[in-house]
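Shown below: run-v6.tsv, with TSV, C-alpha atoms.
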```tsv
chain	number	residue	atom	x	y	z
A	1	GLY	CA	0.00	0.00	0.00
A	2	ARG	CA	0.89	3.66	0.04
A	3	SER	CA	2.19	3.47	3.60
A	4	GLU	CA	4.65	0.73	2.64
A	5	GLU	CA	5.70	2.82	-0.35
A	6	ALA	CA	6.17	5.83	1.91
A	7	ALA	CA	8.28	3.74	4.28
A	8	SER	CA	10.46	2.64	1.35
A	9	LEU	CA	10.98	6.25	0.28
A	10	HIS	CA	11.89	7.27	3.82
A	11	ARG	CA	14.38	4.38	4.02
A	12	GLN	CA	16.01	5.67	0.85
A	13	CYS	CA	16.12	9.20	2.25
A	14	LEU	CA	17.72	7.96	5.45
A	15	ALA	CA	20.33	5.97	3.52
A	16	VAL	CA	21.21	8.98	1.34
A	17	ARG	CA	21.60	11.25	4.33
A	18	GLU	CA	23.70	8.69	6.19
A	19	ALA	CA	26.01	8.46	3.20
A	20	SER	CA	26.25	12.20	2.53
A	21	LEU	CA	25.99	13.73	6.01
A	22	GLY	CA	26.94	10.97	8.42
A	23	ALA	CA	24.95	8.91	10.89
A	24	THR	CA	24.85	11.56	13.61
A	25	HIS	CA	23.97	14.66	11.59
A	26	PRO	CA	20.70	16.25	12.80
A	27	HIS	CA	19.15	15.92	9.33
A	28	THR	CA	19.98	12.22	9.30
A	29	LEU	CA	18.46	11.79	12.73
A	30	GLN	CA	15.34	13.65	11.61
A	31	SER	CA	15.07	11.19	8.73
A	32	ALA	CA	15.28	8.36	11.27
A	33	ASN	CA	12.43	9.98	13.19
A	34	ASN	CA	10.35	10.32	10.04
A	35	LEU	CA	10.89	6.69	9.07
A	36	ALA	CA	10.02	5.60	12.62
A	37	ALA	CA	6.72	7.48	12.45
A	38	ILE	CA	5.77	5.76	9.18
A	39	LEU	CA	6.75	2.34	10.51
A	40	GLU	CA	4.76	2.91	13.68
A	41	SER	CA	1.69	3.83	11.65
A	42	ILE	CA	1.80	0.51	9.77
A	43	GLY	CA	2.38	-1.59	12.88
A	44	HIS	CA	6.15	-2.13	12.74
A	45	ARG	CA	6.58	-1.01	16.32
A	46	ASP	CA	9.82	-2.82	17.16
A	47	GLU	CA	11.75	-1.28	14.27
A	48	ALA	CA	10.11	2.09	14.94
A	49	GLU	CA	11.20	1.96	18.58
A	50	LYS	CA	14.82	1.26	17.61
A	51	LEU	CA	14.83	4.21	15.22
A	52	HIS	CA	13.20	6.53	17.77
A	53	ARG	CA	15.83	5.52	20.33
A	54	ARG	CA	18.62	6.08	17.83
A	55	ALA	CA	17.25	9.51	16.91
A	56	LEU	CA	16.81	10.57	20.53
A	57	ALA	CA	20.29	9.47	21.60
A	58	GLY	CA	21.85	11.21	18.62
A	59	LEU	CA	19.94	14.45	19.04
A	60	GLU	CA	20.73	14.58	22.76
A	61	ALA	CA	24.42	14.19	21.96
A	62	VAL	CA	24.49	16.69	19.07
A	63	LEU	CA	21.90	19.31	20.04
A	64	GLY	CA	21.45	18.82	23.78
A	65	SER	CA	18.60	17.46	25.87
A	66	GLY	CA	16.66	20.73	25.89
A	67	HIS	CA	16.69	21.47	22.16
A	68	ARG	CA	13.26	21.56	20.55
A	69	ASP	CA	14.12	18.78	18.07
A	70	THR	CA	15.30	16.62	20.94
A	71	LEU	CA	12.12	17.27	22.88
A	72	VAL	CA	9.98	16.27	19.89
A	73	SER	CA	12.05	13.11	19.46
A	74	ARG	CA	11.68	12.26	23.16
A	75	ASP	CA	7.92	12.73	22.96
A	76	ASN	CA	7.75	10.51	19.88
A	77	LEU	CA	9.49	7.68	21.70
A	78	ALA	CA	7.42	8.21	24.84
A	79	THR	CA	4.16	8.09	22.88
A	80	LEU	CA	5.15	4.86	21.16
A	81	LEU	CA	6.10	3.27	24.48
A	82	LYS	CA	2.86	4.39	26.14
A	83	ASP	CA	0.79	2.94	23.31
A	84	SER	CA	2.77	-0.31	23.11
A	85	GLY	CA	1.48	-1.74	26.38
A	86	GLY	CA	3.41	-3.40	29.15
A	87	GLU	CA	4.35	-2.05	32.56
A	88	LYS	CA	8.04	-1.52	31.80
A	89	LYS	CA	7.40	0.53	28.68
A	90	ALA	CA	4.63	2.50	30.37
A	91	ASP	CA	6.98	3.42	33.22
A	92	GLU	CA	9.66	4.52	30.77
A	93	ALA	CA	7.11	6.62	28.92
A	94	VAL	CA	6.23	8.43	32.14
A	95	LYS	CA	9.90	9.22	32.81
A	96	LEU	CA	10.40	10.53	29.27
A	97	PHE	CA	7.31	12.74	29.45
A	98	GLU	CA	8.44	14.03	32.86
A	99	ALA	CA	11.80	15.01	31.36
A	100	SER	CA	10.07	16.79	28.47
A	101	LEU	CA	7.78	18.70	30.80
A	102	ARG	CA	10.71	19.85	32.96
A	103	ALA	CA	12.73	20.98	29.96
A	104	ARG	CA	9.84	22.86	28.37
A	105	THR	CA	8.87	24.51	31.65
A	106	ASP	CA	12.45	25.69	32.19
A	107	ALA	CA	12.67	27.07	28.66
A	108	LEU	CA	9.20	28.52	28.13
A	109	GLY	CA	7.57	29.07	31.51
A	110	PRO	CA	4.62	27.26	33.10
A	111	ARG	CA	1.78	28.73	30.98
A	112	HIS	CA	3.17	28.31	27.47
A	113	PRO	CA	0.92	26.14	25.24
A	114	GLU	CA	3.77	23.70	24.56
A	115	VAL	CA	4.27	23.26	28.29
A	116	LEU	CA	0.55	22.68	28.80
A	117	ARG	CA	0.56	20.08	26.01
A	118	ALA	CA	3.48	18.39	27.75
A	119	ALA	CA	1.50	18.34	30.99
A	120	VAL	CA	-1.43	16.72	29.19
A	121	ALA	CA	0.87	14.10	27.66
A	122	LEU	CA	2.34	13.24	31.04
A	123	ALA	CA	-1.12	13.03	32.60
A	124	GLY	CA	-2.19	10.59	29.90
A	125	ALA	CA	0.87	8.44	30.51
A	126	LEU	CA	0.24	8.37	34.26
A	127	GLU	CA	-3.39	7.43	33.70
A	128	ALA	CA	-2.30	4.58	31.41
A	129	SER	CA	0.34	3.21	33.80
A	130	ASP	CA	-0.84	0.41	36.06
A	131	SER	CA	2.24	0.72	38.26
A	132	ALA	CA	1.68	4.44	38.91
A	133	GLY	CA	-1.20	3.55	41.23
A	134	ALA	CA	-3.20	6.02	43.28
A	135	ARG	CA	-0.28	8.40	43.63
A	136	GLY	CA	0.14	8.50	39.87
A	137	LEU	CA	-3.54	9.28	39.36
A	138	GLU	CA	-3.35	12.11	41.87
A	139	ALA	CA	-0.33	13.47	40.00
A	140	ALA	CA	-2.29	13.16	36.76
A	141	LEU	CA	-5.18	15.02	38.36
A	142	ALA	CA	-2.92	17.92	39.31
A	143	LEU	CA	-1.64	18.03	35.73
A	144	ARG	CA	-5.18	17.99	34.33
A	145	ARG	CA	-6.13	20.89	36.60
A	146	ARG	CA	-3.02	22.77	35.52
A	147	ALA	CA	-3.83	22.22	31.84
A	148	ALA	CA	-7.47	23.24	32.15
A	149	GLY	CA	-6.59	26.40	34.07
A	150	GLY	CA	-3.65	27.24	31.86
A	151	TYR	CA	-5.52	26.81	28.60
A	152	GLY	CA	-8.33	28.94	30.00
A	153	GLN	CA	-5.88	31.75	30.62
A	154	VAL	CA	-4.07	31.39	27.29
A	155	PHE	CA	-6.97	30.72	24.90
A	156	GLY	CA	-10.03	31.77	26.89
A	157	PRO	CA	-12.50	29.81	29.03
A	158	GLU	CA	-14.75	28.77	26.11
A	159	HIS	CA	-12.07	27.80	23.58
A	160	ARG	CA	-12.30	24.24	22.25
A	161	VAL	CA	-8.84	23.36	23.63
A	162	THR	CA	-9.89	24.59	27.07
A	163	MET	CA	-13.11	22.57	26.83
A	164	GLN	CA	-11.18	19.45	25.85
A	165	ALA	CA	-8.94	19.93	28.87
A	166	VAL	CA	-11.97	20.41	31.13
A	167	ALA	CA	-13.54	17.25	29.69
A	168	ALA	CA	-10.36	15.26	30.41
A	169	LEU	CA	-10.29	16.63	33.97
A	170	ALA	CA	-13.92	15.68	34.49
A	171	ALA	CA	-13.31	12.17	33.16
A	172	LEU	CA	-10.42	11.60	35.56
A	173	LEU	CA	-12.42	12.94	38.50
A	174	GLY	CA	-15.18	10.49	37.57
A	175	ARG	CA	-12.65	7.66	37.42
A	176	LEU	CA	-11.49	8.60	40.91
A	177	GLY	CA	-15.06	8.57	42.20
A	178	ARG	CA	-15.25	12.32	42.82
A	179	LEU	CA	-18.61	12.57	41.15
A	180	LYS	CA	-19.86	15.81	42.73
A	181	GLU	CA	-16.83	17.67	41.44
A	182	ALA	CA	-16.85	15.88	38.08
A	183	GLU	CA	-20.48	16.52	37.15
A	184	PRO	CA	-20.44	20.33	36.73
A	185	LEU	CA	-17.21	20.03	34.75
A	186	HIS	CA	-18.79	17.41	32.48
A	187	LEU	CA	-21.75	19.73	31.90
A	188	ARG	CA	-19.50	22.71	31.21
A	189	ALA	CA	-17.39	20.71	28.79
A	190	LEU	CA	-20.41	19.28	26.98
A	191	LYS	CA	-21.96	22.69	26.50
A	192	GLY	CA	-18.66	24.20	25.37
A	193	LEU	CA	-17.79	21.38	22.96
A	194	ASP	CA	-21.30	21.42	21.52
A	195	VAL	CA	-20.85	25.11	20.69
A	196	ALA	CA	-17.21	24.92	19.59
A	197	LEU	CA	-17.22	21.66	17.64
A	198	GLY	CA	-20.83	20.64	17.17
A	199	PRO	CA	-22.98	17.95	18.83
A	200	SER	CA	-21.83	15.13	16.54
A	201	HIS	CA	-18.08	15.79	16.76
A	202	PRO	CA	-16.12	12.82	18.20
A	203	GLU	CA	-14.81	14.95	21.06
A	204	THR	CA	-18.34	16.01	22.03
A	205	LEU	CA	-19.59	12.42	21.82
A	206	ARG	CA	-16.63	11.18	23.85
A	207	CYS	CA	-17.40	13.74	26.55
A	208	ALA	CA	-21.06	12.67	26.54
A	209	GLY	CA	-20.01	9.05	26.90
A	210	ALA	CA	-17.76	9.83	29.85
A	211	TYR	CA	-20.58	11.78	31.51
A	212	ALA	CA	-22.98	8.89	30.94
A	213	ASP	CA	-20.47	6.47	32.49
A	214	MET	CA	-20.22	8.73	35.52
A	215	LEU	CA	-24.00	8.86	35.87
A	216	ARG	CA	-24.19	5.06	35.78
A	217	ALA	CA	-21.50	4.87	38.45
A	218	ASP	CA	-23.78	7.11	40.53
A	219	ALA	CA	-26.76	4.75	39.98
A	220	ARG	CA	-28.46	7.19	37.60
A	221	ALA	CA	-28.94	4.88	34.63
A	222	GLU	CA	-32.00	6.66	33.21
A	223	GLU	CA	-30.17	9.97	33.13
A	224	ALA	CA	-27.19	8.26	31.47
A	225	GLU	CA	-29.42	6.85	28.74
A	226	GLU	CA	-30.94	10.28	28.17
A	227	VAL	CA	-27.49	11.87	27.81
A	228	GLU	CA	-26.47	9.22	25.29
A	229	SER	CA	-29.74	9.56	23.41
A	230	ARG	CA	-29.44	13.32	23.14
A	231	ALA	CA	-25.78	13.05	22.12
A	232	LEU	CA	-26.72	10.87	19.14
A	233	ARG	CA	-29.85	12.85	18.18
A	234	PRO	CA	-29.56	15.70	15.63
A	235	ILE	CA	-30.31	18.84	17.61
A	236	GLY	CA	-29.38	21.62	15.23
A	237	GLY	CA	-27.56	24.50	16.87
A	238	SER	CA	-29.25	24.27	20.24
A	239	THR	CA	-27.86	22.73	23.38
A	240	PRO	CA	-30.01	20.08	25.10
A	241	SER	CA	-31.65	21.41	28.22
A	242	THR	CA	-30.28	18.57	30.35
A	243	LEU	CA	-26.74	19.58	29.33
A	244	SER	CA	-27.05	23.27	30.12
A	245	LEU	CA	-25.20	24.81	33.02
```

Translate this structure into structure tokens?
Amino acid sequence: GRSEEAASLHRQCLAVREASLGATHPHTLQSANNLAAILESIGHRDEAEKLHRRALAGLEAVLGSGHRDTLVSRDNLATLLKDSGGEKKADEAVKLFEASLRARTDALGPRHPEVLRAAVALAGALEASDSAGARGLEAALALRRRAAGGYGQVFGPEHRVTMQAVAALAALLGRLGRLKEAEPLHLRALKGLDVALGPSHPETLRCAGAYADMLRADARAEEAEEVESRALRPIGGSTPSTLSL
């Protein structure tokens, strides 16, 4: 398919750059990153991981651990490890995302959008790690609060990115059983996503599903069914009355 063809072209590009620039030149290492991304997308995770590791080690040595290209490479490896499954890889992903968050915070300050994205990535890794346990989820919760508040200040309280961050915070609160705190955030996120993205957008539907799950956990099955029904029903530009703040 086209993905296999793209991988072949990226292999050729990597070989040419290795021959002309050397194995440790930043452009060569970027080619390794690009090939890794293609391989990951077609399921060749083991080879992709090796290339991501090679690129990260090379960029750290050549450009330094805090360079933007190095940070992107570190995040690429961390994302692959998080999505690969297994406790060992999940733990390594958390450590890599922690390093990226520290470096970006030092370079850009705590409220920069790149820093907030790094906080979201680390929160997701902590939530996915079985070994992180309750302490890891509490750390993830603090990061979700930081992201929601930070995005609200940077983009505005009704921006779609802010609403997505609020929805993620609400979902984690629901997972932790903090339903009274989660519910108004779910409602706020649903209303905001409905306006910003539309009622049938995947993000809006995902938020509705998380809210419905929380309602079921609170023994409110009929309300959960109503939320799901309204989420799937065409409602034009209006917001369902049960989802209003």

Q) Hey, can you check how far atom CA of Ala37 of chain A sits from atom CA of Ala23 of chain A? A) 18.4 Å

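Atom CA of Ala125 of chain A is positioned 6.7 Å from atom CA of Ala93 of chain A.
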
Q: Using all atoms listed in the file, collect all residues at a distance of at most 12 Å from (8.1, 5.7, 14.0) as written in the file, then present them as JSON, numbers by chain.
A: {"A": [7, 10, 11, 30, 31, 32, 33, 34, 35, 36, 37, 38, 39, 40, 41, 42, 43, 44, 45, 46, 47, 48, 49, 50, 51, 52, 53, 54, 55, 56, 73, 74, 75, 76, 77, 78, 79, 80, 81]}

Q) Using all atoms listed in the file, which of A:Ala121, A:Ala171, A:Gly192, A:Glu158 sits nearest Asp83 of chain A? A)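 Answer, going by the shortest atom-to-atom distance: A:Ala121.
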
Q: Figure out the distance between atom CA of Arg111 of chain A and atom CA of Ala148 of chain A, please, to one decimal in Å.
A: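 Interatomic distance here is 10.8 Å.
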
Please define a box with edges along x, y and z of the file around all atoms of segment 162-166 of chain A given in the file, extend it by 3 Å on each side, and return its centre and edge lengths in Å to one decimal, as lines of an AutoDock Vina configuration file.
```
center_x = -11.0
center_y = 22.0
center_z = 28.5
size_x = 10.2
size_y = 11.1
size_z = 11.3
```

Q: Name the residues in contact with segment 165-167 of chain A at a cut-off of 7 Å, using only C-alpha atoms, excluding same-chain residues fewer than 2 positions from it; report them as number ranges by chain.
A: A: 144, 147-148, 161-163, 169-171, 185-186, 189, 207

Q.
Can you pull out the residues contacting Asp218 of chain A? Cut-off 10 Å, using only C-alpha atoms, and skip same-chain residues under 6 positions away; I want them as JSON, numbers by chain.
A. {"A": [174, 177, 179, 180, 212, 224]}

Q: For each of A:Ala231, A:Val16, A:Ala168, A:Ala90, take the minimum atom-to-atom distance to Ala182 of chain A, counting only C-alpha atoms, then give the residue where this is smallest.
A: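 Checking each of A:Ala231, A:Val16, A:Ala168, A:Ala90 against Ala182 of chain A, counting only C-alpha atoms, the winner is A:Ala168.
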
Q.
Neighbouring residues of segment 136-138 of chain A were defined as those with any atom within 8 Å, considering only C-alpha atoms; residues of the same chain fewer than 4 positions away were excluded. Please report them as an MDAnalysis selection string.
A. chainID A and resid 126:127 132 142

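For the residues A:Val195, A:Leu205, A:Ala57, A:Ser131, ranking by smallest atom-to-atom distance to His25 of chain A using all atoms listed in the file places A:Ala57 first.
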
Q | Proximity to Glu114 of chain A - best of A:Val94, A:Glu203, A:Leu71, A:Lys82, only C-alpha atoms | A |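 Nearest candidate to Glu114 of chain A out of A:Val94, A:Glu203, A:Leu71, A:Lys82: A:Leu71.
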
Since fewer atoms than expected are present, regenerate N, CA, C and O atoms for segment 144-170 of chain A and write them as a compact mmCIF listing (two decimals), keeping the file's coordinate frame.
```txt
# COMPACT_ATOMS: atom_id res chain seq x y z
N ARG A 144 -3.95 17.65 35.05
CA ARG A 144 -5.18 17.99 34.33
C ARG A 144 -5.74 19.33 34.81
O ARG A 144 -6.23 20.13 34.00
N ARG A 145 -5.67 19.59 36.10
CA ARG A 145 -6.13 20.89 36.60
C ARG A 145 -5.25 22.01 36.05
O ARG A 145 -5.74 23.08 35.65
N ARG A 146 -3.96 21.77 36.04
CA ARG A 146 -3.02 22.77 35.52
C ARG A 146 -3.31 23.07 34.05
O ARG A 146 -3.33 24.24 33.65
N ALA A 147 -3.57 22.03 33.27
CA ALA A 147 -3.83 22.22 31.84
C ALA A 147 -5.13 22.98 31.62
O ALA A 147 -5.19 23.92 30.82
N ALA A 148 -6.18 22.58 32.33
CA ALA A 148 -7.47 23.24 32.15
C ALA A 148 -7.39 24.72 32.53
O ALA A 148 -7.89 25.59 31.81
N GLY A 149 -6.74 25.01 33.66
CA GLY A 149 -6.59 26.40 34.07
C GLY A 149 -5.69 27.18 33.14
O GLY A 149 -5.98 28.33 32.78
N GLY A 150 -4.59 26.56 32.74
CA GLY A 150 -3.65 27.24 31.86
C GLY A 150 -4.23 27.54 30.49
O GLY A 150 -4.08 28.65 29.97
N TYR A 151 -4.90 26.57 29.90
CA TYR A 151 -5.52 26.81 28.60
C TYR A 151 -6.60 27.89 28.70
O TYR A 151 -6.79 28.69 27.77
N GLY A 152 -7.33 27.90 29.82
CA GLY A 152 -8.33 28.94 30.00
C GLY A 152 -7.72 30.32 29.99
O GLY A 152 -8.30 31.27 29.43
N GLN A 153 -6.54 30.46 30.59
CA GLN A 153 -5.88 31.75 30.62
C GLN A 153 -5.28 32.12 29.27
O GLN A 153 -5.31 33.28 28.86
N VAL A 154 -4.75 31.12 28.56
CA VAL A 154 -4.07 31.39 27.29
C VAL A 154 -5.06 31.59 26.15
O VAL A 154 -4.94 32.53 25.36
N PHE A 155 -6.06 30.70 26.04
CA PHE A 155 -6.97 30.72 24.90
C PHE A 155 -8.36 31.28 25.22
O PHE A 155 -9.13 31.59 24.30
N GLY A 156 -8.70 31.34 26.49
CA GLY A 156 -10.03 31.77 26.89
C GLY A 156 -10.83 30.61 27.44
O GLY A 156 -10.62 29.45 27.05
N PRO A 157 -11.78 30.88 28.34
CA PRO A 157 -12.50 29.81 29.03
C PRO A 157 -13.43 28.99 28.15
O PRO A 157 -13.79 27.88 28.53
N GLU A 158 -13.81 29.50 26.97
CA GLU A 158 -14.75 28.77 26.11
C GLU A 158 -14.08 28.17 24.87
O GLU A 158 -14.76 27.57 24.04
N HIS A 159 -12.77 28.34 24.75
CA HIS A 159 -12.07 27.80 23.58
C HIS A 159 -12.15 26.28 23.57
O HIS A 159 -12.19 25.63 24.62
N ARG A 160 -12.15 25.70 22.37
CA ARG A 160 -12.30 24.24 22.25
C ARG A 160 -11.18 23.49 22.98
O ARG A 160 -11.42 22.43 23.58
N VAL A 161 -9.95 24.03 22.95
CA VAL A 161 -8.84 23.36 23.63
C VAL A 161 -9.07 23.37 25.14
O VAL A 161 -8.82 22.38 25.83
N THR A 162 -9.56 24.51 25.64
CA THR A 162 -9.89 24.59 27.07
C THR A 162 -10.99 23.59 27.41
O THR A 162 -10.90 22.88 28.43
N MET A 163 -12.01 23.50 26.58
CA MET A 163 -13.11 22.57 26.83
C MET A 163 -12.65 21.12 26.80
O MET A 163 -13.09 20.29 27.59
N GLN A 164 -11.72 20.80 25.89
CA GLN A 164 -11.18 19.45 25.85
C GLN A 164 -10.41 19.14 27.13
O GLN A 164 -10.48 18.02 27.65
N ALA A 165 -9.68 20.13 27.62
CA ALA A 165 -8.94 19.93 28.87
C ALA A 165 -9.88 19.77 30.05
O ALA A 165 -9.64 18.95 30.95
N VAL A 166 -10.96 20.54 30.05
CA VAL A 166 -11.97 20.41 31.13
C VAL A 166 -12.63 19.04 31.05
O VAL A 166 -12.86 18.39 32.09
N ALA A 167 -12.94 18.57 29.85
CA ALA A 167 -13.54 17.25 29.69
C ALA A 167 -12.62 16.15 30.22
O ALA A 167 -13.07 15.20 30.88
N ALA A 168 -11.33 16.26 29.93
CA ALA A 168 -10.36 15.26 30.41
C ALA A 168 -10.26 15.30 31.94
O ALA A 168 -10.16 14.25 32.59
N LEU A 169 -10.30 16.50 32.51
CA LEU A 169 -10.29 16.63 33.97
C LEU A 169 -11.52 16.00 34.57
O LEU A 169 -11.44 15.25 35.56
N ALA A 170 -12.68 16.26 33.98
CA ALA A 170 -13.92 15.68 34.49
C ALA A 170 -13.90 14.15 34.42
O ALA A 170 -14.33 13.46 35.35
```
